[in-house]
Amino acid sequence: MEDADSEFHGVDFLPEDLTEALEETGMRVNKKYSCLPAEEKGIHIINIRAIEDIGYDQHESTLLNSLSKNPDADCKYGLYFRDGKRKVDYILVYHYKKSSAGKTLARRAQQNDASVRSTKQDQPLPGKGVQLEMGDSEPHMDYHEDDKRFRREEYEGNLVEAGLELERDEDTKIHGIGFVKIHAPWNVLCREAEFLKLKMPTKKMYQINQTHGLLKKINSVIQKITEPIQPKVAEHKPQTVKRLSYPFSREKQHLFDLSDKDSFFDSKTRSTIVYEILKRTTCTKAKYSMGKGEGRKKETALLNKRRKCGKYGITSLLANGVYSAAYPLHDGDYEGENVEPNDRKLLCEEWASYGVFYKYQPIDLVRKYFGEKIGLYFAWLGVYTQMLIPASIVGIIVFLYGCATVDENIPSMEMCDQRNNITMCPLCDKTCSYWKMSSACATARASHLFDNPATVFFSVFMALWAATFMEHWKRKQMRLNYRWDLTGFEEEEDHPRAEYEAKVLEKSLRKEHKHKETDKEKLTWKDRFPAYLTNFVGIIFMVGLTFAIVFGVIIYRISTAAALAISSTPSGRSSVRVTVTATAVIINLVVIIILDEVYGCIARWLTQIEVPKTDKNFEERLIFKAFLLKFVNAYTPIFYVAFFKGRFVGRPGDYVYIFHSFRMEECAPGGCLMELCIQLSIIMLGKQLIQNNLFEIGIPKMKKFIRYLKLKRRRSLDHEEHMKKKQRYEVDYNLEPFAGLTPEYMEMIIQFGFVTLFVASFPLAPLFALLNNIIEIRLDAKKFVTELRRPVAVRAKDIGIWYNILRGIGKLAVIINAFVISFTSDFIPRLVYLYMYSENGTMHGFVNHTLSSFNVSDFQAGTAPNDPLDLGYEVQICRYKDYREPPWSENKYDISKDFWAVLAARLAFVIVFQNLVMFMSEFVDWIIPDIPKDISQQIHKEKVLMVEVFMREEQGKLHMLETWKDKDKRKGENCNNHSPRLSRSRSGSLSSCHSYPLDV
């Protein structure tokens, strides 16, 4: 037996059947194949496989030790390896096929004895579970599965070579799913931290500059007042001292506080380091022996050639289905009585709960758990929500001012006065009759709530608010960068995406086939031209589709208004405008929500066919396309009502028709601003309520309920198995994968557009946005903590391209609000009338001034009302809203001079308003520094302290060197004094007297 044992000492690979045969005959397998530490009382496995032609066959593994009573106690149910000491930093998940083994071990050993080959393979991964791959008398070769298995083994071997420690687990409650647990040892963490230039806290601590005098008292008062709304987490408490941070270096480990190595690198940093290794590790070695048979030789040679040419990092392996998922683990459970305290539970209690909606967010703890990129998103969302508070207050004041002055508004009083017998021209041909202006009294009064002099002030205020918000966020961002040690962080060039490398590989193979040079291949604009053309055509088509849908809704409004006007009941005719407007807006809302999802998928597809080189390029291009399409989709109906409705109607007797039958719709007598308000409010509120409640709450809960039903069905089949407590990685695998922050940002950016672009028509928009965001913060927090797999922590010092989009919307808002006030509302016509045409300096007579007259005898044939006596009297002159000459003028129905005067005033207002607000915004931008003064002082102080630390270190080295030189000199003198003859006679004795190691 000892000979047999020694015979396998130098073998790296054993065929599985031979191993099983040795077990049957009583031969003892060498202890080096025991994959786990000796003290662990779990399942120990030899996971050794034989390569058979291409791929390999996985058979039953051999159990080495018996199962203990509670094997999961030490590993904390999956948070650690089976030894209970090494922490799981990352998880790889893959699918495998199980089949029943119908043959005995001895028979299989006899059958496969002739086909055993001495193929070298890395030591298998430790873990628990039994793999059953082959059970038929004739092996059924699944080359696709073998290829995946082959890549996994090769990739995992390269991960082990990179220094990571791996452990496999296939004996899980989720049948057919295997898990590879990854642990990064200390030396790997140090190496990668130095490579990534991670700033880590040193032993040096310094005092943070504190305010003095009056500011200190004010800060203390504010702190006491806001204490009830502060989260109860240690990271949120104000700091008086801070550790000096420095990029980690293995040569300068003595500078860092390594008293507790287990917590020096937190779980977020460990998972980030492992993910960087996973991204750059490839499986390109592919040197394996081939089996017999010409067909299998050719297939294997082709497979190996493909592997030699390609790079398969974790992103490519996930895309190709070699692994089905890869994610870091959550810190533990977040609910339950006996749950150990952890950051996830603390976040759930102090952040991801609707009961703490009034509290500040623990941003530092969010960053510690999820990373800087997600921390910046929630910090930005918190700043945006806080800034909505003053905007909401001013908006409410403007709205209340409109309510208070509605009874004093002379134009609306004149419109509601029954004594003013103003007969209006029909709103449609034939079926519509003449109507009284007093019937639009309610619309006129409601318009004043949103169209009053305070609206102009609110537009200016919101433009300055947007500029202040951007500046406030930049300052907050700098504070976070300083607090999170990101002041000197520069984003490095990202790894190429798997799809890009595949395209480059395909191009290289084509050139290699044509015997051309293949060095330094990359995709040029010629390679991407078909994708660029597809993008251009696709975006134009989508924009055209949006316009076509809006045009279809316009046709619906016109035809429905004509159909409802046929109604003989007066109540039906009086509610035509409200009914048509409300139903059309609801249709627009449904279409916008549906197209939002469609455009998101199309934008991703268009970006994928472009094949951007890095993930950052992919994200920026995807954001740009998605924002462009969703911007057009969300705002096109609003733009139509604001700037196009009622502009191209024509006049009675010469109306503009669509398809020669549909007459363009007109604005209400009070103006289109009220309809714009209805359109904006319904779309904004409906979009937030439906998308938040249905998509962000309802759909995840529905998926969770479906998973619960599946689990309940499995429990009925195997009750004992499913009563076991799941491992942490199994629980996290059942969560939804993290899909990125783009949907979250996009939702808030579109809302920011609603708040700023058309705020002149809806002063309550900031209030509804504030109420939505209070819920949105806790909703997103709950989703991240409880419903999503833990995302990989990504370092970032800003919010990226989203900041430029916000600035662009802020600039555009000034222009749009200027045009809304000037052309959509009646603010400018009222000013012109007040200062140019009013006889007594009041607004009396303004309504009559804005109406033109029309002689009913000038109607085109077939367009006059079928029931001209509907009002009870014969109408000869009807009125319509426009500035035209009367029918008794020489140039009847021509545009009057009043029109040009009002137009000139409107254009002048646009120019003055835009330049004034732009100047004030730039002034706000200039007067508020981007970097707070105290932060700049602290950064400078850190640089000075770091120089002092290194100067002291160099002085210490110099002093030590001088000390050793003095000792060296004294030893040399002693050697010369005690043995001069020996030193002269033996030429190397003096030098040997000086040769001792010098370690500085």
# chains A, B, ... in the order shown; residues from 1 in each chain; ligands from 1
>>> residues_around(residues="Asn481 in chain A", least_positions_apart="3", cutoff="10 Å", atoms="only C-alpha atoms", output="VMD selection string")
chain A and resid 372 376 475 to 478 484 to 489 796 to 798 935
>>> write_last_selection(atoms="all heavy atoms", output="tab-separated table (two decimals), in the first residue's frame")
chain	number	residue	atom	x	y	z
A	372	GLU	N	-18.69	54.09	-4.34
A	372	GLU	CA	-18.80	55.53	-4.56
A	372	GLU	C	-19.83	55.89	-5.61
A	372	GLU	O	-20.54	56.90	-5.50
A	372	GLU	CB	-17.44	56.10	-4.97
A	372	GLU	CG	-16.43	56.20	-3.84
A	372	GLU	CD	-15.78	54.88	-3.50
A	372	GLU	OE1	-16.02	53.89	-4.24
A	372	GLU	OE2	-15.03	54.82	-2.52
A	376	LEU	N	-22.83	58.33	-4.79
A	376	LEU	CA	-23.00	59.64	-5.43
A	376	LEU	C	-24.41	59.80	-5.98
A	376	LEU	O	-24.97	60.90	-5.95
A	376	LEU	CB	-21.97	59.81	-6.54
A	376	LEU	CG	-20.56	60.17	-6.10
A	376	LEU	CD1	-19.62	60.15	-7.29
A	376	LEU	CD2	-20.53	61.55	-5.45
A	475	ARG	N	-20.37	71.70	-5.00
A	475	ARG	CA	-19.73	71.86	-3.70
A	475	ARG	C	-19.93	70.61	-2.83
A	475	ARG	O	-19.00	70.14	-2.16
A	475	ARG	CB	-20.29	73.09	-2.99
A	475	ARG	CG	-19.89	74.39	-3.64
A	475	ARG	CD	-20.67	75.58	-3.07
A	475	ARG	NE	-20.43	75.77	-1.65
A	475	ARG	CZ	-19.41	76.47	-1.15
A	475	ARG	NH1	-18.54	77.04	-1.97
A	475	ARG	NH2	-19.27	76.62	0.15
A	476	LYS	N	-21.14	70.06	-2.84
A	476	LYS	CA	-21.40	68.83	-2.10
A	476	LYS	C	-20.54	67.69	-2.63
A	476	LYS	O	-20.01	66.88	-1.85
A	476	LYS	CB	-22.89	68.47	-2.23
A	476	LYS	CG	-23.29	67.18	-1.56
A	476	LYS	CD	-23.24	67.27	-0.05
A	476	LYS	CE	-23.83	66.03	0.60
A	476	LYS	NZ	-23.78	66.11	2.07
A	477	GLN	N	-20.38	67.62	-3.93
A	477	GLN	CA	-19.57	66.59	-4.55
A	477	GLN	C	-18.11	66.69	-4.11
A	477	GLN	O	-17.46	65.67	-3.85
A	477	GLN	CB	-19.68	66.71	-6.07
A	477	GLN	CG	-19.14	65.55	-6.86
A	477	GLN	CD	-19.50	65.68	-8.31
A	477	GLN	OE1	-20.35	64.96	-8.82
A	477	GLN	NE2	-18.87	66.59	-9.01
A	478	MET	N	-17.60	67.92	-4.02
A	478	MET	CA	-16.23	68.11	-3.56
A	478	MET	C	-16.07	67.69	-2.10
A	478	MET	O	-15.04	67.11	-1.71
A	478	MET	CB	-15.81	69.57	-3.74
A	478	MET	CG	-15.44	69.93	-5.16
A	478	MET	SD	-14.13	68.90	-5.85
A	478	MET	CE	-12.83	69.14	-4.65
A	484	TRP	N	-14.32	60.94	1.11
A	484	TRP	CA	-14.14	59.56	0.63
A	484	TRP	C	-12.76	59.32	0.02
A	484	TRP	O	-12.56	58.31	-0.65
A	484	TRP	CB	-15.22	59.24	-0.40
A	484	TRP	CG	-16.60	59.25	0.17
A	484	TRP	CD1	-16.95	59.28	1.49
A	484	TRP	CD2	-17.83	59.24	-0.55
A	484	TRP	NE1	-18.32	59.28	1.62
A	484	TRP	CE2	-18.89	59.26	0.38
A	484	TRP	CE3	-18.15	59.21	-1.91
A	484	TRP	CZ2	-20.23	59.26	0.00
A	484	TRP	CZ3	-19.47	59.20	-2.28
A	484	TRP	CH2	-20.51	59.23	-1.35
A	485	ASP	N	-11.84	60.26	0.22
A	485	ASP	CA	-10.46	60.12	-0.27
A	485	ASP	C	-10.39	59.92	-1.78
A	485	ASP	O	-9.71	59.03	-2.29
A	485	ASP	CB	-9.76	58.95	0.44
A	485	ASP	CG	-9.65	59.18	1.94
A	485	ASP	OD1	-9.42	60.33	2.34
A	485	ASP	OD2	-9.82	58.21	2.71
A	486	LEU	N	-11.14	60.77	-2.51
A	486	LEU	CA	-11.14	60.70	-3.97
A	486	LEU	C	-10.56	61.96	-4.60
A	486	LEU	O	-10.72	62.17	-5.81
A	486	LEU	CB	-12.57	60.51	-4.49
A	486	LEU	CG	-13.25	59.18	-4.12
A	486	LEU	CD1	-14.72	59.23	-4.52
A	486	LEU	CD2	-12.58	58.01	-4.79
A	487	THR	N	-9.91	62.80	-3.81
A	487	THR	CA	-9.45	64.09	-4.35
A	487	THR	C	-8.41	63.92	-5.45
A	487	THR	O	-8.39	64.66	-6.41
A	487	THR	CB	-8.87	64.95	-3.22
A	487	THR	OG1	-7.91	64.17	-2.47
A	487	THR	CG2	-9.97	65.41	-2.28
A	488	GLY	N	-7.56	62.93	-5.33
A	488	GLY	CA	-6.54	62.72	-6.36
A	488	GLY	C	-6.86	61.58	-7.30
A	488	GLY	O	-5.99	61.14	-8.07
A	489	PHE	N	-8.10	61.10	-7.25
A	489	PHE	CA	-8.47	59.94	-8.06
A	489	PHE	C	-8.69	60.33	-9.52
A	489	PHE	O	-9.41	61.27	-9.82
A	489	PHE	CB	-9.75	59.30	-7.49
A	489	PHE	CG	-10.36	58.25	-8.37
A	489	PHE	CD1	-9.73	57.03	-8.57
A	489	PHE	CD2	-11.56	58.49	-9.03
A	489	PHE	CE1	-10.29	56.07	-9.37
A	489	PHE	CE2	-12.13	57.55	-9.83
A	489	PHE	CZ	-11.49	56.32	-10.00
A	796	ALA	N	-15.93	56.36	-8.37
A	796	ALA	CA	-16.27	57.49	-9.24
A	796	ALA	C	-16.21	58.76	-8.41
A	796	ALA	O	-16.55	58.75	-7.22
A	796	ALA	CB	-17.65	57.31	-9.86
A	797	LYS	N	-15.78	59.85	-9.03
A	797	LYS	CA	-15.68	61.12	-8.31
A	797	LYS	C	-16.77	62.10	-8.73
A	797	LYS	O	-16.84	63.20	-8.18
A	797	LYS	CB	-14.31	61.74	-8.51
A	797	LYS	CG	-13.96	62.06	-9.94
A	797	LYS	CD	-12.50	62.51	-10.06
A	797	LYS	CE	-12.18	63.68	-9.17
A	797	LYS	NZ	-10.80	64.16	-9.33
A	798	ASP	N	-17.61	61.76	-9.70
A	798	ASP	CA	-18.71	62.63	-10.10
A	798	ASP	C	-19.80	61.76	-10.72
A	798	ASP	O	-19.65	60.54	-10.83
A	798	ASP	CB	-18.24	63.71	-11.09
A	798	ASP	CG	-17.48	63.14	-12.27
A	798	ASP	OD1	-17.87	62.07	-12.78
A	798	ASP	OD2	-16.48	63.74	-12.69
A	935	ILE	N	-12.76	73.00	2.59
A	935	ILE	CA	-12.28	71.77	1.96
A	935	ILE	C	-10.95	72.00	1.28
A	935	ILE	O	-10.03	71.17	1.36
A	935	ILE	CB	-13.33	71.23	0.97
A	935	ILE	CG1	-14.61	70.85	1.71
A	935	ILE	CG2	-12.78	70.04	0.19
A	935	ILE	CD1	-14.43	69.76	2.73
>>> residues_around(residues="Gly600 in chain A", least_positions_apart="5", cutoff="12 Å", atoms="only C-alpha atoms", output="mmCIF file with C-alpha atoms, in the first residue's frame")
data_model
loop_
_atom_site.group_PDB
_atom_site.id
_atom_site.type_symbol
_atom_site.label_atom_id
_atom_site.label_comp_id
_atom_site.auth_asym_id
_atom_site.auth_seq_id
_atom_site.Cartn_x
_atom_site.Cartn_y
_atom_site.Cartn_z
ATOM 1 C CA ILE A 539 -33.207 57.357 -34.264
ATOM 2 C CA MET A 542 -38.186 56.629 -33.708
ATOM 3 C CA ILE A 592 -45.416 57.633 -23.445
ATOM 4 C CA ILE A 593 -45.110 54.901 -20.792
ATOM 5 C CA ILE A 594 -45.149 52.117 -23.402
ATOM 6 C CA LEU A 595 -42.708 53.850 -25.726
ATOM 7 C CA TRP A 605 -29.619 47.525 -29.128
ATOM 8 C CA LEU A 606 -28.398 50.485 -31.195
ATOM 9 C CA THR A 607 -25.506 50.964 -28.766
ATOM 10 C CA LEU A 622 -26.452 54.430 -24.306
ATOM 11 C CA ILE A 623 -27.378 57.338 -22.028
ATOM 12 C CA PHE A 624 -27.247 59.824 -24.894
ATOM 13 C CA LYS A 625 -29.500 57.742 -27.167
ATOM 14 C CA ALA A 626 -31.948 56.792 -24.427
ATOM 15 C CA PHE A 627 -32.206 60.384 -23.198
ATOM 16 C CA LEU A 628 -32.732 61.733 -26.710
ATOM 17 C CA LEU A 629 -35.524 59.268 -27.479
ATOM 18 C CA LYS A 630 -37.211 59.572 -24.079
ATOM 19 C CA PHE A 631 -36.922 63.367 -24.125
ATOM 20 C CA ASN A 633 -41.262 60.962 -26.309
ATOM 21 C CA THR A 742 -29.161 54.524 -15.912
ATOM 22 C CA PRO A 743 -32.929 53.900 -15.338
ATOM 23 C CA MET A 746 -33.162 58.832 -16.387
ATOM 24 C CA GLU A 747 -36.357 58.935 -14.345
#
>>> closest_residue(among="A:Leu685, A:Leu523, A:Val785, A:Ala454", to="Asp732 in chain A", atoms="only C-alpha atoms")
A:Val785
>>> select_by_dssp(residues="range 166-267 of chain A", states="alpha helix (DSSP H)", output="list in words")
Trp186, Asn187, Val188, Leu189, Cys190, Arg191, Glu192, Ala193, Glu194, Phe195, Leu196, Leu214, Leu215, Lys216, Lys217, Ile218, Asn219, Ser220, Val221, Ile222, Gln223, Lys224, Ile225, Lys261, Asp262, Ser263, Phe264 and Ser267 of chain A
>>> closest_atom_pairs(of="range 771-859 of chain A", to="range 396-419 of chain A", cutoff="10 Å", atoms="only C-alpha atoms", output="tab-separated table")
residue	atom	partner	partner_atom	distance
A:Arg830	CA	A:Pro411	CA	9.3
A:Thr842	CA	A:Ile410	CA	8.6
A:Met843	CA	A:Ile410	CA	6.1
A:His844	CA	A:Ile410	CA	6.4
A:Gly845	CA	A:Pro411	CA	7.9
A:Phe846	CA	A:Pro411	CA	6.4
A:Val847	CA	A:Pro411	CA	6.0
A:Asn848	CA	A:Glu414	CA	9.0
>>> residues_around(residues="Ala563 in chain A", least_positions_apart="5", cutoff="12 Å", atoms="only C-alpha atoms", output="PyMOL selection string")
chain A and resi 427-432+556-558+568+572-573+576-577+579-580+662
>>> closest_residue(among="A:Tyr77, A:Phe265, A:Phe469, A:Tyr883", to="Asp930 in chain A", atoms="only C-alpha atoms")
A:Phe469
>>> residues_around(residues="Trp351 in chain A", least_positions_apart="2", cutoff="9 Å", atoms="only C-alpha atoms", output="PyMOL selection string")
chain A and resi 231+346-349+353-354+356-357+359-362+366+777-778+781-782
>>> residues_around(residues="Val460 in chain A", least_positions_apart="2", cutoff="10 Å", atoms="only C-alpha atoms", output="MDAnalysis selection string")
chainID A and resid 455:458 462:465 760 814 817:818 913:914 916:918 920:921
>>> write_last_selection(atoms="all heavy atoms", output="compact mmCIF listing (two decimals), in the first residue's frame")
# COMPACT_ATOMS: atom_id res chain seq x y z
N THR A 455 -46.32 84.50 -12.22
CA THR A 455 -45.73 83.42 -13.01
C THR A 455 -44.38 83.83 -13.58
O THR A 455 -43.45 83.02 -13.64
CB THR A 455 -46.69 83.02 -14.14
OG1 THR A 455 -47.96 82.67 -13.58
CG2 THR A 455 -46.16 81.85 -14.91
N VAL A 456 -44.28 85.07 -14.02
CA VAL A 456 -43.01 85.55 -14.57
C VAL A 456 -41.93 85.53 -13.50
O VAL A 456 -40.79 85.08 -13.73
CB VAL A 456 -43.19 86.96 -15.15
CG1 VAL A 456 -41.88 87.47 -15.75
CG2 VAL A 456 -44.29 86.98 -16.20
N PHE A 457 -42.27 86.01 -12.33
CA PHE A 457 -41.31 85.97 -11.22
C PHE A 457 -40.89 84.54 -10.92
O PHE A 457 -39.70 84.25 -10.69
CB PHE A 457 -41.93 86.62 -9.99
CG PHE A 457 -41.24 86.24 -8.70
CD1 PHE A 457 -40.02 86.82 -8.36
CD2 PHE A 457 -41.80 85.30 -7.85
CE1 PHE A 457 -39.38 86.47 -7.18
CE2 PHE A 457 -41.16 84.93 -6.68
CZ PHE A 457 -39.95 85.52 -6.34
N PHE A 458 -41.84 83.61 -10.94
CA PHE A 458 -41.53 82.21 -10.63
C PHE A 458 -40.61 81.60 -11.69
O PHE A 458 -39.74 80.78 -11.38
CB PHE A 458 -42.82 81.41 -10.52
CG PHE A 458 -42.62 80.02 -9.97
CD1 PHE A 458 -42.03 79.84 -8.73
CD2 PHE A 458 -43.01 78.92 -10.69
CE1 PHE A 458 -41.83 78.57 -8.22
CE2 PHE A 458 -42.83 77.64 -10.19
CZ PHE A 458 -42.24 77.46 -8.96
N MET A 462 -37.05 80.01 -10.84
CA MET A 462 -36.68 78.63 -11.14
C MET A 462 -35.42 78.55 -11.99
O MET A 462 -34.63 77.60 -11.87
CB MET A 462 -37.83 77.92 -11.84
CG MET A 462 -39.02 77.61 -10.93
SD MET A 462 -38.56 76.63 -9.47
CE MET A 462 -38.05 75.10 -10.23
N ALA A 463 -35.20 79.54 -12.86
CA ALA A 463 -33.95 79.55 -13.63
C ALA A 463 -32.76 79.74 -12.70
O ALA A 463 -31.73 79.05 -12.81
CB ALA A 463 -34.00 80.65 -14.68
N LEU A 464 -32.87 80.67 -11.76
CA LEU A 464 -31.81 80.87 -10.78
C LEU A 464 -31.70 79.67 -9.84
O LEU A 464 -30.61 79.31 -9.40
CB LEU A 464 -32.06 82.15 -9.98
CG LEU A 464 -32.08 83.46 -10.78
CD1 LEU A 464 -32.38 84.63 -9.87
CD2 LEU A 464 -30.74 83.66 -11.48
N TRP A 465 -32.83 79.05 -9.54
CA TRP A 465 -32.83 77.85 -8.70
C TRP A 465 -32.03 76.73 -9.35
O TRP A 465 -31.26 76.03 -8.68
CB TRP A 465 -34.27 77.40 -8.45
CG TRP A 465 -34.38 76.08 -7.75
CD1 TRP A 465 -34.40 75.88 -6.40
CD2 TRP A 465 -34.50 74.79 -8.35
NE1 TRP A 465 -34.52 74.54 -6.13
CE2 TRP A 465 -34.58 73.85 -7.31
CE3 TRP A 465 -34.55 74.33 -9.67
CZ2 TRP A 465 -34.71 72.47 -7.54
CZ3 TRP A 465 -34.67 72.97 -9.91
CH2 TRP A 465 -34.75 72.06 -8.86
N ALA A 760 -43.47 77.59 -15.90
CA ALA A 760 -44.32 78.79 -16.00
C ALA A 760 -45.79 78.44 -16.11
O ALA A 760 -46.65 79.25 -15.74
CB ALA A 760 -43.89 79.64 -17.20
N VAL A 814 -34.50 78.09 -19.59
CA VAL A 814 -34.61 79.54 -19.67
C VAL A 814 -35.27 79.95 -20.98
O VAL A 814 -36.18 80.79 -21.01
CB VAL A 814 -33.22 80.19 -19.53
CG1 VAL A 814 -33.32 81.70 -19.68
CG2 VAL A 814 -32.59 79.83 -18.19
N ASN A 817 -39.10 78.69 -21.13
CA ASN A 817 -39.98 79.47 -20.27
C ASN A 817 -40.20 80.88 -20.81
O ASN A 817 -41.28 81.46 -20.67
CB ASN A 817 -39.41 79.55 -18.85
CG ASN A 817 -39.72 78.31 -18.03
OD1 ASN A 817 -40.87 77.88 -17.94
ND2 ASN A 817 -38.69 77.70 -17.46
N ALA A 818 -39.16 81.43 -21.44
CA ALA A 818 -39.33 82.74 -22.07
C ALA A 818 -40.38 82.68 -23.17
O ALA A 818 -41.24 83.57 -23.28
CB ALA A 818 -37.99 83.22 -22.63
N PHE A 913 -35.66 88.67 -21.40
CA PHE A 913 -35.79 87.66 -20.36
C PHE A 913 -34.65 86.65 -20.43
O PHE A 913 -34.01 86.33 -19.42
CB PHE A 913 -37.14 86.94 -20.52
CG PHE A 913 -37.40 85.88 -19.48
CD1 PHE A 913 -38.01 86.20 -18.29
CD2 PHE A 913 -37.02 84.56 -19.71
CE1 PHE A 913 -38.25 85.22 -17.34
CE2 PHE A 913 -37.25 83.58 -18.76
CZ PHE A 913 -37.88 83.91 -17.57
N GLN A 914 -34.36 86.15 -21.64
CA GLN A 914 -33.33 85.14 -21.80
C GLN A 914 -31.96 85.68 -21.38
O GLN A 914 -31.23 85.03 -20.62
CB GLN A 914 -33.30 84.67 -23.25
CG GLN A 914 -32.21 83.65 -23.55
CD GLN A 914 -32.21 83.25 -25.01
OE1 GLN A 914 -33.22 83.37 -25.69
NE2 GLN A 914 -31.08 82.76 -25.48
N LEU A 916 -31.22 88.34 -19.52
CA LEU A 916 -31.17 88.72 -18.11
C LEU A 916 -31.01 87.51 -17.21
O LEU A 916 -30.16 87.49 -16.31
CB LEU A 916 -32.44 89.49 -17.75
CG LEU A 916 -32.58 89.92 -16.29
CD1 LEU A 916 -31.47 90.89 -15.92
CD2 LEU A 916 -33.95 90.53 -16.03
N VAL A 917 -31.81 86.47 -17.48
CA VAL A 917 -31.75 85.27 -16.63
C VAL A 917 -30.43 84.54 -16.83
O VAL A 917 -29.83 84.04 -15.87
CB VAL A 917 -32.96 84.36 -16.92
CG1 VAL A 917 -32.83 83.06 -16.14
CG2 VAL A 917 -34.25 85.07 -16.55
N MET A 918 -29.96 84.48 -18.08
CA MET A 918 -28.67 83.85 -18.34
C MET A 918 -27.55 84.58 -17.60
O MET A 918 -26.66 83.96 -17.01
CB MET A 918 -28.38 83.81 -19.84
CG MET A 918 -29.20 82.81 -20.63
SD MET A 918 -28.65 81.12 -20.35
CE MET A 918 -29.63 80.26 -21.59
N MET A 920 -27.84 86.40 -14.88
CA MET A 920 -27.97 86.15 -13.45
C MET A 920 -27.51 84.74 -13.09
O MET A 920 -26.88 84.53 -12.04
CB MET A 920 -29.43 86.37 -13.02
CG MET A 920 -29.90 87.79 -13.20
SD MET A 920 -31.67 88.00 -12.87
CE MET A 920 -31.73 87.70 -11.13
N SER A 921 -27.79 83.77 -13.95
CA SER A 921 -27.34 82.39 -13.69
C SER A 921 -25.82 82.31 -13.71
O SER A 921 -25.21 81.65 -12.85
CB SER A 921 -27.95 81.45 -14.73
OG SER A 921 -29.36 81.47 -14.69
>>> closest_residue(among="A:Lys373, A:Lys616, A:Lys726, A:Arg807", to="Ile749 in chain A", atoms="only C-alpha atoms")
A:Arg807
>>> atom_distance(atom1="CA of Ser857 in chain A", atom2="CA of Trp888 in chain A")
12.6 Å
